[in-house]
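S.K.: Attaching a single structure in C-alpha cells format; questions to follow.
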There are 2 protein chains.
Amino acid sequence: MIKKIALLGSTGSIGRMTLDIVRRFPEKFAIVALAAGSNVELLRQQMIEFRPGLISVGSQEHRDFLYQVSDEHNREYVFGQDGLKQAASISDADMVISALSGSAGMLPTKIALAAGKDVGLANKESMVMAGHYLTKLARDKGSRIIPIDSEHSAIFQCLQGNRAEDIRSLILTASGGPFIDYSGSQLETVTPAQALSHPIWAMGPKITIDSATLMNKGLEVIEARWLFGIPSDRIEVVVHRQSVIHSMVRYHDGSIISQLGCPDMRIPILYALTYPERWSLDLPQLDLIETRQLTFEEPDHDRFPCLALAYEALKMGGSAPIVLNSSDEVAVQAFLDNRIRLDQIPKVISQTLEKEGTSQVQSFDDIIAVDMQARVQAERTINQIGREHDCS
Amino acid sequence: MIKKIALLGSTGSIGRMTLDIVRRFPEKFAIVALAAGSNVELLRQQMIEFRPGLISVGSQEHRDFLYQVSDEHNREYVFGQDGLKQAASISDADMVISALSGSAGMLPTKIALAAGKDVGLANKESMVMAGHYLTKLARDKGSRIIPIDSEHSAIFQCLQGNRAEDIRSLILTASGGPFIDYSGSQLETVTPAQALSHPIWAMGPKITIDSATLMNKGLEVIEARWLFGIPSDRIEVVVHRQSVIHSMVRYHDGSIISQLGCPDMRIPILYALTYPERWSLDLPQLDLIETRQLTFEEPDHDRFPCLALAYEALKMGGSAPIVLNSSDEVAVQAFLDNRIRLDQIPKVISQTLEKEGTSQVQSFDDIIAVDMQARVQAERTINQIGREHDCS
C-alpha cells in the first residue's frame, strides 16, 4: 500500500530530506501536497518531480508563476494561510509532515490533526506554543503525532514496547553547541557567522543559534513535556558532546533505553514515515569503535541561562512557554541583525517573561494574541538594551 | 493476579537475587517450587520463608533431612534428576526460572518448555548446547524464553516494539574482563584467585573465569544466535570496559537501540518476571554525569582466542558448540585446580574441537553423548598439556 504524504515546508532542510527518502521508495510513498514559502524555484522542481495534486506557496504572485510554468493544470494551486490549511487537511493524505519553520508551523499542525491525519512533527514550536491543545486534539481525533526532532524521535523509539506508567524520566542529550567551552566574556564576542556554524547538525539559522544558546534544548524540554506527557521535573538534560546518543528513557526498574546513530536527520524522518517498521536506506552505520568514547556532563546554567528559562516557563505554566518562544524568535533575529549580543538573548527572554508574566490560555486565538504581544514586548526590551549599549 | 514461579537453582547467585525480588512483591509473586543442589542449609531457610509446594535437592540424604526439619509435610520433597524434572514441570507454575549452573541446566529448561511454561533463562549452557532444539520446542509449545543474562536481556529489551526482520545486527558488549590490559606473558602467570575477582559483576567461579578468557562472550554469541535467530556474522562484539551499556540492537534504518543501567543482575531478573511491564524496585539509578564516559574498543583475538573459537564452533555447526562448551567447562575446572594455566584454556578447547570435529545432532540424547565424549577428550588434552608442562 502506498502511503500518501502532504509535506509542509518542502523547501527547508527537513522537507528536502523527506523528499530524498520519498524518492528512494517510489512504490511506497506518494506526495499528494507540497507547501513552501518563497523558494519558488525549488518548489517548481519538486512539483515537476513529485507531481502532487495540490501545491501551496506563500504569495499569490508565486502561485500564479507556478501555475503558468506547469503543464499540469489538473492540480490545485493555492497560496497563503488558506493554502497551507488546504495542504494540511487534503483529503487523500495519510500523513502530514509538519516541517515549516518557527511559529508559522503551529496552525497547519492543528489543521492536520483536526482532520484526523497522522502528523510527522518537525516543527517544535507547535508543541512549545500549543502542546497541551495539540496533544488533546490528537487524542480526541485518534491522530498520531510522530516526532521528527532527533531527540524526540529517539525517545519515541525508546518507548516502543513499554508502558507510559513505567517511565521514571526522559533524558534529553545536548551537544552543548559550538561555544560549550567559551567563558562568559568570550560568549560576549561571538558573531552571527561564528554562531551559524554548528559542529554536528546542518540546520536552519534559527535552530542553529538556539543550539548555541542551549535554548534549543529548552524548547525540546517543553516539546517533550507535551509529546510524552511527562512533567518537567522528570525531564533530565545531559550534555553529550558527540551527539551519538540522541536521547534516552529511564524506567522505574533501573533500565535506561537509548537510541544511537549517526547525526543524520533522515533517520528520524524515515522512522516517522515507516513507523512501526524500520526500512533500509543504506545510510552510513554508526561505527562504535571509531566513535571510541561517549561523554556526559552537566549543562552549565550560568553561561547558558536559556535552558533554565525554559524550565522556569514550564513551571510558570499558562502563556509563559509561548512568551519564551516568541521572545526567543525575536531575540535570535536581533542577534542575527547585529542588534544584540549572543549573551543578551537570554536577557531579552527573561525580561520579556518577567514583564509579560503568565496568563491562562484557553484557545488558539489566545495563543496567537500572547505571541504577538510578547513579540512587541521583546522588541521593546531589545531597543532598551540597544540604548544601554550605545551609552556604554 | 499472582505469578507462580518455579525456581531452579535457588541457592545460586541468580536464585538468591530472584528470591530477593519475590520477597519485595509478596502480593505479586509466589514460589511454588524451589530446586537446588547441595546447599541444603540455605535451601532450608528459603523453604521456610517461601513455603513452596515442592522442594527438590541433589541427593536423597538431603531430601530426607529437609523433610525431617520441616513441620510442613503437605509438600513434595524430591531429589536428583527426577526431582529437578518435577520442579521444572510442576503444574501450577506460570514461569520457571532456569538458574542452574552449567550444563546441568539444559534438561530442566527443556522439561519446562515442553510443559508449556514461560522460562526466565539464566542458564546459558541450555542455549549453547541445545539452542536450536529449545527455541523450536518453545515455538511449538507456545512457551516464551525470556533471557536473564544481562546482555541478552538488554537485547530482548531493545527488540521490543520492533520487527525481527528489521534487525541488521546484534551488538554484545564485553567488559573485557580483569586481564584486558595484560600482555600474553602476563596472562601465563594469572592465578585462580586473581581470575576469580571480576571487576564489575559478582558471579559464580565458572562464569568469572569465562569472563577473564572472553569465553563468556563467546558463549553469549552462541546463546544470542539461537535466542534471537540471528546468524553469527550479524553478531558484533565490542569491548566496553564500563559495562554500562549492556548490549544493543542495530537496525536496518541506521538506528541503534541500547539498554543501559547499573551492573545489577536484579534488573534483568525483574524484567523477566514482570515483562512486558517494568516495576520499581528502588534499585540504584545510573548516574550518567558520574559515569562521565563510555568507551568502545575492538576485542583482541590474539590474547583472547576463546571468542574466535566460539564463532568458529558456530560456523562448524552441528555438535561443535557442544564440544566447545563441554571442553571449556573441563578446562576451567582444570585451571581452578591448578592443573593448567589460564592461557591454556583456549588451547584445550581448540585441540578438543579439532579432535572431535563436528557431527550431526539429532536428539537430546545425542547432545548428552557429545558432551560426555568431549569431556573425556578434553581431559586427555589436559593430561597431555600437564605432561608437556612437567617436561619443561
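Labels for the C-alpha cells follow display order: chains A, B, ..., residues from 1 in each chain, ligands from 1.
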Counting only C-alpha atoms, which residues in chain A sit no more than 8 Å from chain B? For each one, give the nearest pair of atoms and the distance in Å, sorted by chain then residue number, as JSON lines.

M.R.:
{"residue": "A:Cys158", "atom": "CA", "partner": "B:Ile257", "partner_atom": "CA", "distance": 7.3}
{"residue": "A:Gln160", "atom": "CA", "partner": "B:Gly161", "partner_atom": "CA", "distance": 4.7}
{"residue": "A:Gly161", "atom": "CA", "partner": "B:Gly161", "partner_atom": "CA", "distance": 4.3}
{"residue": "A:Asn162", "atom": "CA", "partner": "B:Pro276", "partner_atom": "CA", "distance": 6.9}
{"residue": "A:Arg163", "atom": "CA", "partner": "B:Glu277", "partner_atom": "CA", "distance": 6.7}
{"residue": "A:Asp166", "atom": "CA", "partner": "B:Arg278", "partner_atom": "CA", "distance": 5.7}
{"residue": "A:Val238", "atom": "CA", "partner": "B:Ile289", "partner_atom": "CA", "distance": 7.6}
{"residue": "A:Tyr251", "atom": "CA", "partner": "B:Arg278", "partner_atom": "CA", "distance": 7.2}
{"residue": "A:His252", "atom": "CA", "partner": "B:Ser280", "partner_atom": "CA", "distance": 4.6}
{"residue": "A:Asp253", "atom": "CA", "partner": "B:Ser280", "partner_atom": "CA", "distance": 4.7}
{"residue": "A:Gly254", "atom": "CA", "partner": "B:Gln285", "partner_atom": "CA", "distance": 5.4}
{"residue": "A:Ser255", "atom": "CA", "partner": "B:Gly261", "partner_atom": "CA", "distance": 5.2}
{"residue": "A:Ile256", "atom": "CA", "partner": "B:Leu260", "partner_atom": "CA", "distance": 4.9}
{"residue": "A:Ile257", "atom": "CA", "partner": "B:Gln259", "partner_atom": "CA", "distance": 4.5}
{"residue": "A:Ser258", "atom": "CA", "partner": "B:Ser258", "partner_atom": "CA", "distance": 5.2}
{"residue": "A:Gln259", "atom": "CA", "partner": "B:Ile257", "partner_atom": "CA", "distance": 4.5}
{"residue": "A:Leu260", "atom": "CA", "partner": "B:Ile256", "partner_atom": "CA", "distance": 4.9}
{"residue": "A:Gly261", "atom": "CA", "partner": "B:Ser255", "partner_atom": "CA", "distance": 5.2}
{"residue": "A:Cys262", "atom": "CA", "partner": "B:Gly254", "partner_atom": "CA", "distance": 7.5}
{"residue": "A:Ile267", "atom": "CA", "partner": "B:Asp253", "partner_atom": "CA", "distance": 6.5}
{"residue": "A:Leu270", "atom": "CA", "partner": "B:Asp253", "partner_atom": "CA", "distance": 7.6}
{"residue": "A:Tyr271", "atom": "CA", "partner": "B:Asp253", "partner_atom": "CA", "distance": 7.7}
{"residue": "A:Pro276", "atom": "CA", "partner": "B:Asn162", "partner_atom": "CA", "distance": 6.9}
{"residue": "A:Glu277", "atom": "CA", "partner": "B:Arg163", "partner_atom": "CA", "distance": 6.8}
{"residue": "A:Arg278", "atom": "CA", "partner": "B:Asp253", "partner_atom": "CA", "distance": 5.6}
{"residue": "A:Trp279", "atom": "CA", "partner": "B:Asp253", "partner_atom": "CA", "distance": 5.3}
{"residue": "A:Ser280", "atom": "CA", "partner": "B:His252", "partner_atom": "CA", "distance": 4.7}
{"residue": "A:Leu281", "atom": "CA", "partner": "B:Asp253", "partner_atom": "CA", "distance": 5.9}
{"residue": "A:Asp282", "atom": "CA", "partner": "B:Asp253", "partner_atom": "CA", "distance": 7.5}
{"residue": "A:Leu283", "atom": "CA", "partner": "B:Gly254", "partner_atom": "CA", "distance": 6.2}
{"residue": "A:Pro284", "atom": "CA", "partner": "B:Gly254", "partner_atom": "CA", "distance": 7.0}
{"residue": "A:Gln285", "atom": "CA", "partner": "B:Gly254", "partner_atom": "CA", "distance": 5.4}
{"residue": "A:Leu286", "atom": "CA", "partner": "B:Gly254", "partner_atom": "CA", "distance": 7.3}
{"residue": "A:Leu288", "atom": "CA", "partner": "B:Phe296", "partner_atom": "CA", "distance": 6.2}
{"residue": "A:Ile289", "atom": "CA", "partner": "B:Glu297", "partner_atom": "CA", "distance": 5.3}
{"residue": "A:Thr291", "atom": "CA", "partner": "B:Phe296", "partner_atom": "CA", "distance": 7.5}
{"residue": "A:Arg292", "atom": "CA", "partner": "B:Phe296", "partner_atom": "CA", "distance": 5.0}
{"residue": "A:Gln293", "atom": "CA", "partner": "B:Thr295", "partner_atom": "CA", "distance": 4.3}
{"residue": "A:Leu294", "atom": "CA", "partner": "B:Leu294", "partner_atom": "CA", "distance": 5.0}
{"residue": "A:Thr295", "atom": "CA", "partner": "B:Gln293", "partner_atom": "CA", "distance": 4.2}
{"residue": "A:Phe296", "atom": "CA", "partner": "B:Arg292", "partner_atom": "CA", "distance": 5.0}
{"residue": "A:Glu297", "atom": "CA", "partner": "B:Ile289", "partner_atom": "CA", "distance": 5.3}
{"residue": "A:Glu298", "atom": "CA", "partner": "B:Ile289", "partner_atom": "CA", "distance": 6.4}

S.K.: Could you dump the residues just selected with N, CA and C atoms as a short mmCIF file (atom, residue, chain, number, x, y, z; two decimals), in the first residue's frame?

M.R.:
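The resulting file, again.cif, is shown below:
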data_model
loop_
_atom_site.label_atom_id
_atom_site.label_comp_id
_atom_site.auth_asym_id
_atom_site.auth_seq_id
_atom_site.Cartn_x
_atom_site.Cartn_y
_atom_site.Cartn_z
N CYS A 158 12.53 4.74 22.02
CA CYS A 158 12.86 4.07 23.28
C CYS A 158 11.63 3.73 24.10
N GLN A 160 8.89 2.40 22.64
CA GLN A 160 8.18 1.30 21.97
C GLN A 160 8.27 0.03 22.82
N GLY A 161 7.13 -0.64 22.96
CA GLY A 161 7.11 -1.89 23.72
C GLY A 161 7.13 -1.67 25.22
N ASN A 162 6.99 -0.42 25.66
CA ASN A 162 6.97 -0.13 27.08
C ASN A 162 5.71 0.65 27.44
N ARG A 163 5.38 0.65 28.73
CA ARG A 163 4.19 1.33 29.19
C ARG A 163 4.55 2.73 29.70
N ASP A 166 5.50 3.25 33.29
CA ASP A 166 6.78 2.71 33.79
C ASP A 166 7.94 3.67 33.59
N VAL A 238 21.33 16.22 29.66
CA VAL A 238 22.73 15.91 29.88
C VAL A 238 23.52 16.32 28.64
N TYR A 251 13.62 4.08 33.04
CA TYR A 251 12.44 3.41 33.56
C TYR A 251 12.54 3.14 35.06
N HIS A 252 11.40 2.84 35.64
CA HIS A 252 11.35 2.64 37.09
C HIS A 252 12.19 1.45 37.56
N ASP A 253 12.43 0.49 36.67
CA ASP A 253 13.15 -0.71 37.11
C ASP A 253 14.67 -0.53 37.08
N GLY A 254 15.14 0.67 36.76
CA GLY A 254 16.58 0.90 36.74
C GLY A 254 17.18 0.79 35.35
N SER A 255 16.39 0.41 34.36
CA SER A 255 16.88 0.33 32.98
C SER A 255 16.78 1.68 32.30
N ILE A 256 17.76 1.96 31.47
CA ILE A 256 17.68 3.10 30.55
C ILE A 256 17.74 2.54 29.14
N ILE A 257 16.80 2.97 28.30
CA ILE A 257 16.84 2.59 26.89
C ILE A 257 17.23 3.83 26.10
N SER A 258 18.20 3.67 25.20
CA SER A 258 18.65 4.83 24.43
C SER A 258 18.70 4.50 22.95
N GLN A 259 18.68 5.56 22.15
CA GLN A 259 18.78 5.38 20.71
C GLN A 259 20.04 6.09 20.24
N LEU A 260 20.86 5.40 19.47
CA LEU A 260 22.13 5.92 18.98
C LEU A 260 22.12 5.90 17.46
N GLY A 261 22.97 6.71 16.87
CA GLY A 261 23.12 6.66 15.43
C GLY A 261 23.97 7.82 14.95
N CYS A 262 24.30 7.78 13.67
CA CYS A 262 24.98 8.91 13.07
C CYS A 262 24.04 10.11 13.11
N ILE A 267 17.31 9.65 9.44
CA ILE A 267 16.92 8.50 10.29
C ILE A 267 15.59 8.78 11.00
N LEU A 270 12.76 9.03 8.34
CA LEU A 270 12.39 7.71 7.82
C LEU A 270 11.55 6.94 8.86
N TYR A 271 11.96 7.04 10.12
CA TYR A 271 11.21 6.32 11.16
C TYR A 271 9.77 6.83 11.25
N PRO A 276 5.45 1.51 12.51
CA PRO A 276 6.45 0.96 13.45
C PRO A 276 7.50 0.09 12.77
N GLU A 277 7.59 0.18 11.45
CA GLU A 277 8.63 -0.60 10.76
C GLU A 277 9.90 0.24 10.64
N ARG A 278 10.97 -0.43 10.25
CA ARG A 278 12.24 0.27 10.00
C ARG A 278 12.75 -0.23 8.66
N TRP A 279 12.93 0.69 7.75
CA TRP A 279 13.38 0.29 6.42
C TRP A 279 14.84 0.62 6.23
N SER A 280 15.42 -0.09 5.28
CA SER A 280 16.83 0.12 4.99
C SER A 280 16.97 1.24 3.98
N LEU A 281 17.83 2.21 4.31
CA LEU A 281 18.01 3.35 3.43
C LEU A 281 19.46 3.45 2.99
N ASP A 282 20.25 2.46 3.41
CA ASP A 282 21.66 2.45 3.05
C ASP A 282 22.36 3.71 3.55
N LEU A 283 22.00 4.14 4.75
CA LEU A 283 22.67 5.29 5.37
C LEU A 283 23.95 4.80 6.02
N PRO A 284 24.90 5.70 6.27
CA PRO A 284 26.11 5.27 6.98
C PRO A 284 25.74 4.73 8.36
N GLN A 285 26.32 3.58 8.72
CA GLN A 285 26.06 2.97 10.01
C GLN A 285 27.05 3.52 11.04
N LEU A 286 26.58 3.67 12.26
CA LEU A 286 27.46 4.14 13.34
C LEU A 286 28.54 3.10 13.63
N LEU A 288 31.03 2.09 16.32
CA LEU A 288 31.30 2.37 17.74
C LEU A 288 32.80 2.41 18.03
N ILE A 289 33.55 1.55 17.35
CA ILE A 289 34.99 1.50 17.59
C ILE A 289 35.61 2.85 17.18
N THR A 291 33.97 5.66 16.97
CA THR A 291 33.42 6.67 17.90
C THR A 291 34.28 6.73 19.16
N ARG A 292 34.79 5.56 19.58
CA ARG A 292 35.73 5.42 20.68
C ARG A 292 35.15 5.77 22.03
N GLN A 293 34.61 6.99 22.21
CA GLN A 293 34.07 7.30 23.52
C GLN A 293 32.87 8.24 23.46
N LEU A 294 32.02 8.05 24.44
CA LEU A 294 30.84 8.91 24.63
C LEU A 294 30.98 9.56 25.99
N THR A 295 30.77 10.86 26.06
CA THR A 295 30.94 11.54 27.35
C THR A 295 29.64 12.22 27.79
N PHE A 296 29.55 12.44 29.09
CA PHE A 296 28.37 13.07 29.68
C PHE A 296 28.80 14.13 30.69
N GLU A 297 28.18 15.29 30.60
CA GLU A 297 28.47 16.38 31.54
C GLU A 297 27.17 17.08 31.90
N GLU A 298 27.23 17.80 33.00
CA GLU A 298 26.08 18.61 33.37
C GLU A 298 26.09 19.90 32.55
#

S.K.: Select from range 114-310 of chain A everything DSSP, run on the backbone, classes as helix (DSSP H, G or I), then give the selection as a ChimeraX atom specification.

M.R.: /A:114,124-141,150-159,164-166,184-187,192-195,205-213,215-228,232-234,266-274,288-291,306-310

S.K.: Residues within 7 Å of range 331-344 of chain A, please, as JSON, numbers by chain. Count only C-alpha atoms; anything in the same chain fewer than 5 positions from it doesn't count.

M.R.: {"A": [187, 188, 190, 192, 206, 209, 386]}

S.K.: Residues as selected, N, CA and C atoms, written as a PDB file, in the first residue's frame, can you do that?

M.R.:
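Final output, result-v4.pdb:
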ATOM      1  N   LEU A 187      31.775  34.577  25.275  1.00  0.00           N
ATOM      2  CA  LEU A 187      30.427  34.496  24.695  1.00  0.00           C
ATOM      3  C   LEU A 187      29.953  35.869  24.228  1.00  0.00           C
ATOM      4  N   GLU A 188      30.457  36.923  24.888  1.00  0.00           N
ATOM      5  CA  GLU A 188      30.020  38.282  24.524  1.00  0.00           C
ATOM      6  C   GLU A 188      30.529  38.708  23.149  1.00  0.00           C
ATOM      7  N   VAL A 190      30.887  36.633  20.422  1.00  0.00           N
ATOM      8  CA  VAL A 190      30.514  35.736  19.320  1.00  0.00           C
ATOM      9  C   VAL A 190      29.751  36.485  18.228  1.00  0.00           C
ATOM     10  N   PRO A 192      27.411  36.523  14.592  1.00  0.00           N
ATOM     11  CA  PRO A 192      26.416  35.662  13.950  1.00  0.00           C
ATOM     12  C   PRO A 192      27.064  34.597  13.061  1.00  0.00           C
ATOM     13  N   LYS A 206      17.731  29.807  12.685  1.00  0.00           N
ATOM     14  CA  LYS A 206      17.094  29.955  13.995  1.00  0.00           C
ATOM     15  C   LYS A 206      17.507  28.830  14.947  1.00  0.00           C
ATOM     16  N   ILE A 209      21.247  28.989  16.055  1.00  0.00           N
ATOM     17  CA  ILE A 209      21.503  29.942  17.145  1.00  0.00           C
ATOM     18  C   ILE A 209      20.930  29.390  18.459  1.00  0.00           C
ATOM     19  N   GLY A 386      19.687  48.031  23.349  1.00  0.00           N
ATOM     20  CA  GLY A 386      20.434  48.758  22.327  1.00  0.00           C
ATOM     21  C   GLY A 386      20.849  50.132  22.836  1.00  0.00           C
TER      22      GLY A 386
END

S.K.: Write out as a list in words each polymer residue whose atoms come within 6 Å of range 128-135 of chain A, counting only C-alpha atoms; drop sequence neighbours fewer than 3 positions from it.

M.R.: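 Non-adjacent residues within range: Glu125, Ala138, Ile222, Glu223, Trp226 and Ile322 of chain A.
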
S.K.: Mind dumping the selected residues with N, CA and C atoms as an mmCIF file, in the first residue's frame?

M.R.:
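See part-v5.cif below for the written result:
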data_model
loop_
_atom_site.group_PDB
_atom_site.id
_atom_site.type_symbol
_atom_site.label_atom_id
_atom_site.label_comp_id
_atom_site.auth_asym_id
_atom_site.auth_seq_id
_atom_site.Cartn_x
_atom_site.Cartn_y
_atom_site.Cartn_z
ATOM 1 N N GLU A 125 7.910 24.368 17.514
ATOM 2 C CA GLU A 125 7.106 25.468 18.033
ATOM 3 C C GLU A 125 5.640 25.052 18.228
ATOM 4 N N ALA A 138 -5.132 15.521 19.196
ATOM 5 C CA ALA A 138 -4.713 14.256 18.587
ATOM 6 C C ALA A 138 -5.432 13.089 19.257
ATOM 7 N N ILE A 222 10.307 21.478 26.643
ATOM 8 C CA ILE A 222 8.871 21.810 26.606
ATOM 9 C C ILE A 222 8.140 20.888 25.628
ATOM 10 N N GLU A 223 8.761 20.679 24.473
ATOM 11 C CA GLU A 223 8.168 19.778 23.475
ATOM 12 C C GLU A 223 7.977 18.377 24.060
ATOM 13 N N TRP A 226 5.033 17.829 26.513
ATOM 14 C CA TRP A 226 3.703 17.628 25.927
ATOM 15 C C TRP A 226 3.610 16.369 25.087
ATOM 16 N N ILE A 322 4.790 30.226 25.669
ATOM 17 C CA ILE A 322 4.573 30.958 24.405
ATOM 18 C C ILE A 322 5.429 32.226 24.406
#

S.K.: Range 104-309 of chain B: which residues are strand (DSSP E) by DSSP, as a PyMOL selection string?

M.R.: chain B and resi 118-121+145-147+167-174+235-239+245-251+256-260+293-295

S.K.: Filtering to C-alpha atoms, could you give me those residues as a tab-separated table (two decimals), in the first residue's frame?

M.R.:
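Full text of out-v7.tsv as output:
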chain	number	residue	atom	x	y	z
B	118	ASP	CA	7.43	-19.49	30.18
B	119	VAL	CA	11.10	-19.72	31.07
B	120	GLY	CA	13.30	-16.99	32.52
B	121	LEU	CA	16.62	-18.26	31.28
B	145	ILE	CA	12.00	-17.77	26.66
B	146	ILE	CA	12.92	-14.51	28.41
B	147	PRO	CA	16.67	-14.15	28.82
B	167	ILE	CA	17.39	-6.16	12.69
B	168	ARG	CA	20.70	-5.57	11.00
B	169	SER	CA	22.92	-6.93	13.76
B	170	LEU	CA	23.15	-7.57	17.49
B	171	ILE	CA	25.96	-5.80	19.37
B	172	LEU	CA	27.08	-7.63	22.50
B	173	THR	CA	29.17	-5.54	24.88
B	174	ALA	CA	32.06	-7.12	26.81
B	235	ILE	CA	26.50	-10.62	15.87
B	236	GLU	CA	29.10	-7.97	16.77
B	237	VAL	CA	31.15	-7.92	19.96
B	238	VAL	CA	32.58	-4.66	21.26
B	239	VAL	CA	34.71	-4.19	24.36
B	245	ILE	CA	25.61	-0.36	28.06
B	246	HIS	CA	24.56	-3.97	28.45
B	247	SER	CA	24.07	-4.59	24.75
B	248	MET	CA	22.49	-3.11	21.65
B	249	VAL	CA	20.50	-3.86	18.52
B	250	ARG	CA	21.44	-2.27	15.21
B	251	TYR	CA	18.53	-1.82	12.82
B	256	ILE	CA	20.89	1.51	17.31
B	257	ILE	CA	18.78	0.85	20.40
B	258	SER	CA	20.70	0.10	23.58
B	259	GLN	CA	19.94	-0.71	27.19
B	260	LEU	CA	21.99	0.89	29.96
B	293	GLN	CA	32.42	8.39	29.76
B	294	LEU	CA	31.68	5.20	27.90
B	295	THR	CA	34.38	3.68	25.73

S.K.: Using only C-alpha atoms, which protein or nucleic acid residues come within 10 Å of Ile368 in chain A? Drop anything in the same chain fewer than 4 positions from it, and give the result as a list in words.

M.R.: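 Contacts, in chain order: Ser103, Met106, Leu107, Met129, Ala130, Ile322, Val361, Ser363, Phe364, Met372, Gln373 and Ala374 of chain A.
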
S.K.: Fewer than 4 positions away in the same chain doesn't count, so skip those; otherwise give me all residues within 9 Å of Ser143 in chain B, counting only C-alpha atoms, as an MDAnalysis selection string.

M.R.: chainID B and resid 112:119 137:139

S.K.: So how many Å separate CA of Arg303 in chain B and CA of Met127 in chain B, to one decimal?

M.R.: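 Atom-to-atom, CA of Arg303 in chain B and CA of Met127 in chain B are spaced 26.2 Å apart.
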